[in-house]
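*Asks:* For reference, the file upload.cif (mmCIF, C-alpha atoms) is included below:
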```
data_entry
loop_
_atom_site.label_atom_id
_atom_site.label_comp_id
_atom_site.auth_asym_id
_atom_site.auth_seq_id
_atom_site.Cartn_x
_atom_site.Cartn_y
_atom_site.Cartn_z
CA MET A 245 20.28 167.55 113.17
CA ALA A 246 21.51 164.98 115.66
CA ALA A 247 24.15 166.33 117.99
CA ALA A 248 26.60 163.62 116.93
CA ASP A 249 26.50 164.75 113.28
CA TRP A 250 28.90 167.62 113.74
CA PRO A 251 32.08 165.56 113.10
CA ASP A 252 30.62 164.55 109.72
CA GLU A 253 29.86 168.19 108.98
CA ILE A 254 33.49 169.10 109.71
CA TYR A 255 34.61 166.33 107.37
CA ASP A 256 32.35 167.69 104.61
CA LEU A 257 33.75 171.19 105.12
CA LEU A 258 37.34 169.96 104.94
CA LYS A 259 36.52 168.13 101.71
CA GLN A 260 34.87 171.18 100.19
CA ALA A 261 37.85 173.32 101.16
CA GLY A 262 40.26 170.92 99.45
CA VAL A 263 42.11 169.92 102.61
CA LYS A 264 44.49 167.07 101.73
CA GLN A 265 46.42 166.41 104.92
CA VAL A 266 44.88 165.92 108.35
CA ALA A 267 47.35 165.58 111.21
CA TYR A 268 46.20 164.48 114.63
CA VAL A 269 46.94 163.34 118.10
CA PRO A 270 43.74 161.43 118.79
CA ASP A 271 40.96 162.66 120.99
CA ALA A 272 37.69 160.89 121.68
CA GLY A 273 35.90 164.01 120.44
CA HIS A 274 37.66 163.74 117.07
CA ALA A 275 37.32 159.95 116.75
CA ARG A 276 34.59 160.04 114.11
CA LEU A 277 36.37 162.67 112.00
CA ILE A 278 39.65 160.73 112.19
CA GLU A 279 37.83 157.59 110.97
CA ARG A 280 36.35 159.50 108.05
CA VAL A 281 39.74 160.89 107.04
CA HIS A 282 41.36 157.45 107.18
CA ALA A 283 38.58 156.06 104.97
CA ASP A 284 39.16 158.79 102.35
CA ASN A 285 41.79 157.88 99.72
CA ASP A 286 42.07 161.50 98.68
CA MET A 287 43.16 162.62 102.15
CA LYS A 288 46.29 161.76 104.09
CA ALA A 289 45.73 161.04 107.77
CA VAL A 290 48.95 161.70 109.68
CA VAL A 291 49.13 160.39 113.23
CA LEU A 292 51.57 162.43 115.36
CA THR A 293 53.61 161.61 118.43
CA THR A 294 53.18 165.18 119.71
CA GLU A 295 51.05 168.08 118.52
CA GLU A 296 53.92 170.39 117.61
CA GLU A 297 54.86 167.99 114.83
CA GLY A 298 51.50 168.81 113.29
CA VAL A 299 52.20 172.55 113.30
CA ALA A 300 55.39 171.92 111.33
CA LEU A 301 53.66 169.42 109.03
CA CYS A 302 50.90 171.90 108.16
CA CYS A 303 53.53 174.50 107.24
CA GLY A 304 55.37 172.01 105.04
CA ALA A 305 52.13 171.06 103.32
CA TRP A 306 51.44 174.71 102.49
CA LEU A 307 54.97 175.16 101.16
CA GLY A 308 54.14 172.35 98.76
CA GLY A 309 50.73 173.70 97.83
CA GLU A 310 48.42 171.57 99.95
CA ARG A 311 46.02 172.57 102.68
CA ALA A 312 46.42 170.74 105.97
CA VAL A 313 44.47 170.81 109.23
CA LEU A 314 45.57 169.86 112.74
CA LEU A 315 43.33 168.00 115.22
CA MET A 316 44.11 167.75 118.93
CA GLN A 317 42.65 168.09 122.38
CA SER A 318 43.28 171.10 124.58
CA SER A 319 46.14 169.47 126.50
CA GLY A 320 48.11 169.39 123.21
CA VAL A 321 48.12 173.16 122.81
CA GLY A 322 50.89 173.49 125.37
CA ASN A 323 53.07 171.24 123.24
CA CYS A 324 52.75 173.60 120.26
CA ILE A 325 53.85 176.92 121.71
CA ASN A 326 57.35 177.47 120.31
CA MET A 327 56.50 175.82 116.98
CA LEU A 328 53.87 178.51 116.48
CA SER A 329 56.82 180.89 115.92
CA LEU A 330 57.23 179.19 112.55
CA VAL A 331 53.65 180.04 111.65
CA GLU A 332 53.97 183.70 112.64
CA ASN A 333 57.40 184.34 111.15
CA CYS A 334 56.49 182.87 107.78
CA ARG A 335 52.83 183.91 107.93
CA PHE A 336 51.71 180.38 107.21
CA PRO A 337 48.00 179.64 107.29
CA LEU A 338 47.12 177.30 110.15
CA LEU A 339 43.84 175.73 111.18
CA ALA A 340 43.71 173.74 114.42
CA LEU A 341 40.49 172.09 115.55
CA ILE A 342 40.79 171.60 119.29
CA THR A 343 38.42 169.56 121.43
CA MET A 344 38.24 170.91 124.97
CA ARG A 345 38.78 168.94 128.15
CA GLY A 346 38.83 170.17 131.69
CA GLU A 347 36.01 172.70 131.46
CA TRP A 348 32.61 170.98 131.74
CA GLY A 349 31.89 168.12 134.10
CA GLU A 350 35.49 166.92 133.98
CA PHE A 351 36.37 163.80 135.98
CA ASN A 352 40.14 164.13 135.63
CA GLN A 353 41.47 167.29 137.26
CA TRP A 354 44.81 166.84 135.52
CA GLN A 355 43.07 168.27 132.46
CA GLU A 356 42.17 171.53 134.18
CA PRO A 357 45.40 173.60 134.14
CA MET A 358 46.04 173.31 130.41
CA SER A 359 42.34 173.73 129.73
CA ARG A 360 42.37 177.13 131.43
CA ALA A 361 45.58 178.08 129.59
CA THR A 362 44.43 176.94 126.14
CA GLN A 363 42.83 180.09 124.79
CA PRO A 364 45.20 182.63 126.44
CA SER A 365 48.33 180.77 125.33
CA LEU A 366 47.10 180.47 121.75
CA GLU A 367 46.34 184.19 121.72
CA LEU A 368 49.73 185.03 123.22
CA MET A 369 51.28 183.23 120.25
CA GLY A 370 49.22 185.15 117.71
CA VAL A 371 46.53 182.58 117.00
CA THR A 372 42.97 183.80 116.46
CA VAL A 373 40.55 181.74 118.56
CA TYR A 374 37.00 180.83 117.56
CA ARG A 375 34.74 178.68 119.69
CA ALA A 376 31.68 176.47 119.28
CA ASP A 377 29.73 175.08 122.22
CA ARG A 378 26.56 174.01 120.41
CA ALA A 379 26.24 171.49 117.58
CA GLU A 380 24.33 173.98 115.42
CA ASP A 381 27.28 176.42 115.56
CA VAL A 382 29.99 174.03 114.43
CA THR A 383 29.53 174.28 110.66
CA GLU A 384 29.45 178.06 110.51
CA THR A 385 32.41 178.39 112.87
CA VAL A 386 34.64 175.90 111.07
CA ALA A 387 33.66 177.32 107.67
CA ALA A 388 34.65 180.80 108.81
CA ALA A 389 37.89 179.49 110.27
CA LEU A 390 38.80 177.76 106.99
CA ASP A 391 38.38 181.02 105.09
CA THR A 392 40.31 183.07 107.66
CA ALA A 393 43.17 180.59 107.68
CA PHE A 394 43.58 179.81 104.01
CA ARG A 395 42.35 183.00 102.36
CA SER A 396 43.86 185.48 104.82
CA ASP A 397 47.01 183.55 105.76
CA GLN A 398 46.09 183.58 109.44
CA ALA A 399 46.58 181.11 112.26
CA VAL A 400 43.18 180.09 113.60
CA ALA A 401 42.10 177.66 116.28
CA VAL A 402 38.52 176.47 116.74
CA LEU A 403 37.82 175.35 120.29
CA LEU A 404 35.09 172.72 120.37
CA GLY A 405 33.65 172.94 123.87
CA GLN A 406 33.52 169.97 126.19
CA ARG A 407 29.79 170.58 126.57
CA LEU A 408 29.43 169.93 122.84
CA ILE A 409 31.43 166.74 122.98
CA GLY A 410 29.69 165.45 126.08
CA ARG A 411 31.01 164.42 129.44
CA LYS A 412 33.32 161.47 129.49
CA GLU A 413 31.70 158.51 131.24
CA TRP A 414 34.35 157.18 133.60
CA THR A 415 32.33 155.14 136.08
CA LYS A 416 28.77 154.03 136.43
CA PRO A 417 26.66 156.63 138.25
CA HIS A 418 26.27 156.09 142.00
CA GLU A 419 28.75 153.24 141.90
CA MET B 289 89.64 164.73 114.16
CA SER B 290 91.44 165.15 110.89
CA ASP B 291 89.77 162.14 109.29
CA LEU B 292 86.24 163.45 109.93
CA LEU B 293 84.30 164.96 107.05
CA GLU B 294 83.90 168.71 106.74
CA ARG B 295 80.25 169.82 106.93
CA ARG B 296 80.31 172.53 104.27
CA ALA B 297 81.81 170.15 101.72
CA VAL B 298 79.24 167.47 102.56
CA VAL B 299 76.23 169.76 102.14
CA LYS B 300 77.69 171.27 98.97
CA ARG B 301 77.98 167.76 97.54
CA LEU B 302 74.35 166.94 98.43
CA VAL B 303 72.99 169.86 96.37
CA ALA B 304 75.71 170.16 93.70
CA ASN B 305 73.51 168.58 91.02
CA ARG B 306 70.17 169.18 92.66
CA ARG B 307 67.81 169.22 89.67
CA ASP B 308 64.26 169.40 91.12
CA LEU B 309 65.32 168.77 94.72
CA LEU B 310 63.34 170.68 97.36
CA VAL B 311 65.42 171.35 100.47
CA VAL B 312 64.49 172.20 104.06
CA ALA B 313 67.42 173.17 106.32
CA GLY B 314 67.24 173.00 110.10
CA LEU B 315 68.19 176.02 112.16
CA GLY B 316 71.81 176.93 112.83
CA SER B 317 74.75 175.40 111.08
CA THR B 318 72.86 173.37 108.49
CA ALA B 319 71.01 176.49 107.31
CA TYR B 320 74.38 178.24 106.93
CA ASP B 321 75.83 175.18 105.17
CA LEU B 322 72.97 175.10 102.65
CA PHE B 323 73.20 178.83 101.96
CA ALA B 324 76.99 178.60 101.62
CA ALA B 325 76.49 175.92 98.97
CA GLY B 326 74.52 178.45 96.91
CA ASP B 327 71.19 180.17 97.47
CA HIS B 328 68.22 178.68 95.61
CA PRO B 329 64.48 179.45 95.56
CA ALA B 330 63.68 175.83 96.46
CA ASN B 331 65.61 176.17 99.73
CA PHE B 332 63.60 176.69 102.92
CA TYR B 333 65.89 177.93 105.69
CA LEU B 334 64.85 177.72 109.33
CA TRP B 335 66.01 180.15 111.99
CA GLY B 336 63.89 178.61 114.73
CA ALA B 337 61.20 175.89 115.06
CA MET B 338 63.80 173.56 116.55
CA GLY B 339 62.71 169.96 116.15
CA GLY B 340 60.40 170.76 113.23
CA ALA B 341 62.60 170.42 110.15
CA ALA B 342 61.82 166.77 109.36
CA MET B 343 58.10 167.34 109.85
CA ILE B 344 58.12 170.33 107.50
CA GLY B 345 59.82 167.96 105.08
CA LEU B 346 57.09 165.37 105.58
CA GLY B 347 54.27 167.83 104.86
CA LEU B 348 56.14 169.02 101.78
CA ALA B 349 56.91 165.48 100.58
CA LEU B 350 53.26 164.44 100.91
CA ALA B 351 52.19 167.56 99.00
CA GLN B 352 54.77 167.13 96.21
CA PRO B 353 55.11 163.36 95.69
CA ALA B 354 56.69 163.76 92.25
CA LYS B 355 59.62 165.80 93.58
CA PRO B 356 62.46 164.65 95.81
CA VAL B 357 62.55 166.37 99.20
CA LEU B 358 65.69 166.65 101.33
CA VAL B 359 65.73 167.69 104.97
CA VAL B 360 69.25 168.55 106.04
CA THR B 361 69.57 169.25 109.73
CA GLY B 362 71.79 168.94 112.76
CA ASP B 363 71.97 166.28 115.44
CA GLY B 364 70.59 168.60 118.13
CA GLU B 365 67.67 169.65 115.91
CA GLN B 366 66.76 166.07 115.03
CA LEU B 367 67.10 164.90 118.63
CA MET B 368 64.48 167.48 119.62
CA GLY B 369 62.11 166.07 117.01
CA MET B 370 62.86 162.39 117.39
CA GLY B 371 59.17 161.46 117.61
CA GLY B 372 58.78 162.85 114.12
CA LEU B 373 60.86 159.95 112.80
CA ALA B 374 58.10 157.61 113.98
CA THR B 375 55.53 159.86 112.29
CA ILE B 376 57.50 159.71 109.02
CA GLY B 377 57.87 155.96 109.46
CA ALA B 378 54.09 155.64 109.65
CA GLN B 379 53.67 157.56 106.34
CA ARG B 380 56.70 156.21 104.46
CA PRO B 381 56.88 158.89 101.76
CA ALA B 382 59.11 157.53 98.99
CA ASN B 383 60.40 160.98 98.02
CA LEU B 384 61.68 162.09 101.45
CA SER B 385 65.27 161.94 102.66
CA VAL B 386 66.49 163.17 106.03
CA VAL B 387 70.22 163.80 106.35
CA VAL B 388 71.60 164.66 109.78
CA ILE B 389 74.90 166.51 109.69
CA ASP B 390 76.17 165.16 113.00
CA ASN B 391 79.02 166.96 114.74
CA GLU B 392 77.88 165.51 118.08
CA ARG B 393 77.61 169.06 119.39
CA PHE B 394 75.14 171.89 119.96
CA GLY B 395 77.05 174.20 117.64
CA GLU B 396 75.20 177.49 118.10
CA THR B 397 75.57 177.58 121.84
CA GLY B 398 79.22 176.75 122.38
CA LEU B 399 79.72 173.24 120.96
CA GLN B 400 78.37 171.43 124.01
CA ARG B 401 78.24 167.66 123.49
CA SER B 402 74.89 166.32 122.28
CA HIS B 403 73.39 162.88 122.90
CA THR B 404 75.06 161.48 119.79
CA ALA B 405 78.42 162.13 121.48
CA TYR B 406 77.21 159.89 124.30
CA GLY B 407 76.14 157.09 121.98
CA ALA B 408 72.64 157.91 120.73
CA ASP B 409 72.31 156.27 117.31
CA LEU B 410 69.94 158.35 115.17
CA ALA B 411 70.28 156.07 112.13
CA GLY B 412 69.30 153.17 114.38
CA VAL B 413 66.28 155.12 115.60
CA ALA B 414 65.25 155.90 112.02
CA LYS B 415 65.61 152.26 111.02
CA ALA B 416 63.51 151.15 113.97
CA CYS B 417 60.87 153.73 113.00
CA GLY B 418 60.46 152.30 109.51
CA PHE B 419 62.91 154.13 107.26
CA GLY B 420 63.75 151.52 104.64
CA TRP B 421 67.26 152.84 103.90
CA THR B 422 69.53 154.13 106.64
CA ARG B 423 73.25 154.80 106.71
CA GLU B 424 75.89 156.20 109.02
CA ILE B 425 78.44 157.90 106.81
CA ARG B 426 82.00 158.67 107.86
CA ALA B 427 83.90 158.69 104.56
CA GLU B 428 83.69 160.75 101.40
CA THR B 429 83.50 157.55 99.35
CA GLN B 430 80.05 156.87 100.89
CA LEU B 431 78.58 160.19 99.77
CA GLY B 432 77.95 159.16 96.17
CA GLU B 433 75.47 156.51 97.22
CA LEU B 434 73.67 159.06 99.41
CA VAL B 435 73.45 161.64 96.60
CA ASP B 436 71.95 159.01 94.28
CA ARG B 437 69.54 158.05 97.02
CA LEU B 438 68.18 161.61 97.33
CA HIS B 439 66.73 161.32 93.82
CA ALA B 440 65.77 157.64 93.87
CA LYS B 441 62.27 158.13 95.36
CA ALA B 442 62.61 154.79 97.10
CA GLY B 443 62.53 156.11 100.63
CA PRO B 444 61.99 157.32 103.18
CA SER B 445 65.77 157.45 103.51
CA PHE B 446 67.86 158.56 106.45
CA ALA B 447 71.57 159.23 106.79
CA VAL B 448 73.73 160.43 109.61
CA VAL B 449 76.90 162.05 108.29
CA LYS B 450 79.54 162.33 110.99
CA VAL B 451 81.43 165.62 110.62
CA ALA B 452 84.16 167.48 112.46
CA PRO B 453 82.98 169.34 115.59
CA VAL B 454 83.90 172.80 114.39
CA ASN B 455 81.87 175.85 113.38
CA PRO B 456 82.90 177.23 109.99
CA PRO B 457 82.42 181.00 109.54
CA ARG B 458 78.72 181.86 109.52
CA VAL B 459 77.12 182.56 106.15
CA LEU B 460 73.64 183.86 106.81
CA PRO B 461 70.57 183.22 104.65
CA ALA B 462 67.53 185.51 104.73
CA ARG B 463 65.74 185.57 108.08
CA ASP B 464 62.48 186.95 106.67
CA GLY B 465 60.29 183.86 106.70
CA VAL B 466 57.53 185.35 104.54
CA TYR B 467 60.05 186.09 101.79
CA VAL B 468 61.59 182.62 101.96
CA LYS B 469 58.15 180.97 101.97
CA ASN B 470 56.77 182.98 99.06
CA ARG B 471 59.92 182.51 97.00
CA PHE B 472 59.77 178.75 97.61
CA ARG B 473 56.09 178.54 96.61
CA GLU B 474 56.61 180.66 93.50
CA SER B 475 59.39 178.30 92.42
CA LEU B 476 56.76 175.53 92.44
CA GLY B 477 54.33 177.65 90.43
CA LEU B 478 52.13 178.27 93.45
CA GLY B 479 50.38 181.56 94.02
CA VAL B 480 50.91 184.12 96.75
CA ASN B 481 47.80 185.26 98.62
#
```
What would you get if you wrote out this structure as structure tokens?
*Replies:*
Amino acid sequence: MAAADWPDEIYDLLKQAGVKQVAYVPDAGHARLIERVHADNDMKAVVLTTEEEGVALCCGAWLGGERAVLLMQSSGVGNCINMLSLVENCRFPLLALITMRGEWGEFNQWQEPMSRATQPSLELMGVTVYRADRAEDVTETVAAALDTAFRSDQAVAVLLGQRLIGRKEWTKPHE
Amino acid sequence: MSDLLERRAVVKRLVANRRDLLVVAGLGSTAYDLFAAGDHPANFYLWGAMGGAAMIGLGLALAQPAKPVLVVTGDGEQLMGMGGLATIGAQRPANLSVVVIDNERFGETGLQRSHTAYGADLAGVAKACGFGWTREIRAETQLGELVDRLHAKAGPSFAVVKVAPVNPPRVLPARDGVYVKNRFRESLGLGVN
């Protein structure tokens, strides 16, 4: 399997699981998946102005009988904190797929503080955190997260490591 | 003051002949207003998640396109989620209406003035975000058009209803979110895990 196939594998898993709404604040790591969702007439791609909107949207979707998934990068987790109270109080299922920045060969140090706080702050708000750092682990991890979220009514986040996504190329080497 | 609408009467009118209307109420006064108008399984009351009411309504409206969805919330709650109006504008769900019961105050915390008291125009924001039908309502005679609009499925629709800046006696809906969620889903024929 080519390393870059994992976004297509996530798309296939979301289709198999009957996910109908995919909310996102874009991230380069999710670009391929977002394209696939937009190209799918049976899925609604919902672009957000801030990630906490997506937490509320996913809860509304479930109220109406649809499965929804939230895509973001790690910096967006901080925007979600209080809205996660909605998930816990109502025991809504939640699945967030979070691409990590600020942890592996990062160029932009402004990504570091929220990167370090991503997993602890999710856990403080009652979200179960899974993680995949290798392409061959993505399918199994996301499949397990889908079951835990939608069959057990749990809030689950899958952290997709920056090593998996690849370092962002900001400047030419040795420039 | 005396010519301003009274919030309980406005919300009661919105749901008086609700038929298959699904309703999400923002935290605080609008949740009390909706409950005071009569409890219903297709009511989803918020006690927190400030700024999230309209987005819950969007997820619900996308999931249930055949049913009209009403979000009734306060000016402070909608101001906190103003970006969500752009998100709704990008989706344009025909069955979604957002009605802001605007007393120009943060009612729960001592009636401090909100941004709408200083001129923020939420109906103007909604229009600029792509809501095809927007109104600012100050008179009872304008409410009939709004009630018809809730069921027209020609939205997204947005109304600001200016009401008197007073807190009527609290009438408290259930705070147990799991109960309110499961009751709502059962009313749509959806299962409980």
*Asks:* Write out as a list in words each polymer residue whose atoms come within 8 Å of Arg375 in chain A, counting all atoms listed in the file; drop sequence neighbours fewer than 3 positions from it.
*Replies:*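 Surrounding residues, per the criterion: Thr385, Val402, Leu403, Leu404 and Gly405 of chain A.
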*Asks:* (34.8, 170.2, 133.9) in this file's frame - what residues fall within 12 Å of it? Use all atoms listed in the file and give the answer as a list in words.
*Replies:*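 Here is the list of nearby residues: Met344, Arg345, Gly346, Glu347, Trp348, Gly349, Glu350, Phe351, Asn352, Gln353, Trp354, Gln355, Glu356, Pro357, Ser359, Arg360, Gly405, Gln406, Arg407, Ile409, Gly410, Arg411 and Lys412 of chain A.
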*Asks:* Contacts between chain B and chain A, please, where a residue of chain A counts if it comes within 8 Å (with all atoms listed in the file); show its shortest atom pair and distance in Å to one decimal, rows by chain and ascending number, as a Markdown table.
*Replies:*
```
| residue | atom | partner | partner_atom | distance |
| --- | --- | --- | --- | --- |
| A:Gln265 | CA | B:Gly347 | CA | 8.0 |
| A:Val290 | CA | B:Gln379 | CA | 7.1 |
| A:Val291 | CA | B:Thr375 | CA | 6.5 |
| A:Leu292 | CA | B:Thr375 | CA | 5.6 |
| A:Thr293 | CA | B:Gly371 | CA | 5.6 |
| A:Thr294 | CA | B:Gly371 | CA | 7.4 |
| A:Glu296 | CA | B:Gly340 | CA | 7.8 |
| A:Glu297 | CA | B:Met343 | CA | 6.0 |
| A:Gly298 | CA | B:Met343 | CA | 7.6 |
| A:Ala300 | CA | B:Ile344 | CA | 5.0 |
| A:Leu301 | CA | B:Gly347 | CA | 4.5 |
| A:Cys302 | CA | B:Gly347 | CA | 6.2 |
| A:Cys303 | CA | B:Ile344 | CA | 6.2 |
| A:Gly304 | CA | B:Ile344 | CA | 4.1 |
| A:Ala305 | CA | B:Gly347 | CA | 4.2 |
| A:Trp306 | CA | B:Leu348 | CA | 7.4 |
| A:Leu307 | CA | B:Arg473 | CA | 5.8 |
| A:Gly308 | CA | B:Leu348 | CA | 4.9 |
| A:Gly309 | CA | B:Ala351 | CA | 6.4 |
| A:Glu310 | CA | B:Ala351 | CA | 5.6 |
| A:Asn326 | CA | B:Ala337 | CA | 6.7 |
| A:Met327 | CA | B:Ala337 | CA | 5.1 |
| A:Leu328 | CA | B:Ala337 | CA | 7.9 |
| A:Ser329 | CA | B:Ala337 | CA | 6.7 |
| A:Leu330 | CA | B:Ala337 | CA | 5.7 |
| A:Asn333 | CA | B:Gly465 | CA | 5.3 |
| A:Cys334 | CA | B:Gly465 | CA | 4.1 |
| A:Arg335 | CA | B:Val466 | CA | 6.0 |
| A:Arg395 | CA | B:Asn481 | CA | 7.0 |
| A:Ser396 | CA | B:Asn481 | CA | 7.3 |
| A:Asp397 | CA | B:Asn481 | CA | 7.4 |
```
*Asks:* When you draw a straight line from CA of Val321 in chain A to CA of Gly395 in chain B, how long is it in Å?
*Replies:*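 For CA of Val321 in chain A relative to CA of Gly395 in chain B, the distance reads 29.4 Å.
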*Asks:* Go through B:Val451, B:Leu315, B:Leu410, B:Ala297 and flag the residue nearest Asp390 in chain B, using all atoms listed in the file for the distances.
*Replies:*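 Of the candidates, the smallest distance to Asp390 in chain B is held by B:Val451.
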*Asks:* Under the PyMOL selection byres ((chain A and resi 380) around 12), which residues of this model are included? Write them out as a list in words.
*Replies:* Met245, Ala246, Ala247, Ala248, Asp249, Trp250, Pro251, Glu253, Ile254, Ala376, Asp377, Arg378, Ala379, Asp381, Val382, Thr383, Glu384, Thr385, Val386, Leu404 and Leu408 of chain A
*Asks:* Between CA of Pro444 in chain B and CA of Tyr320 in chain B, what is the distance in Å, rounded to a tenth?
*Replies:*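 The value is 24.6 Å.
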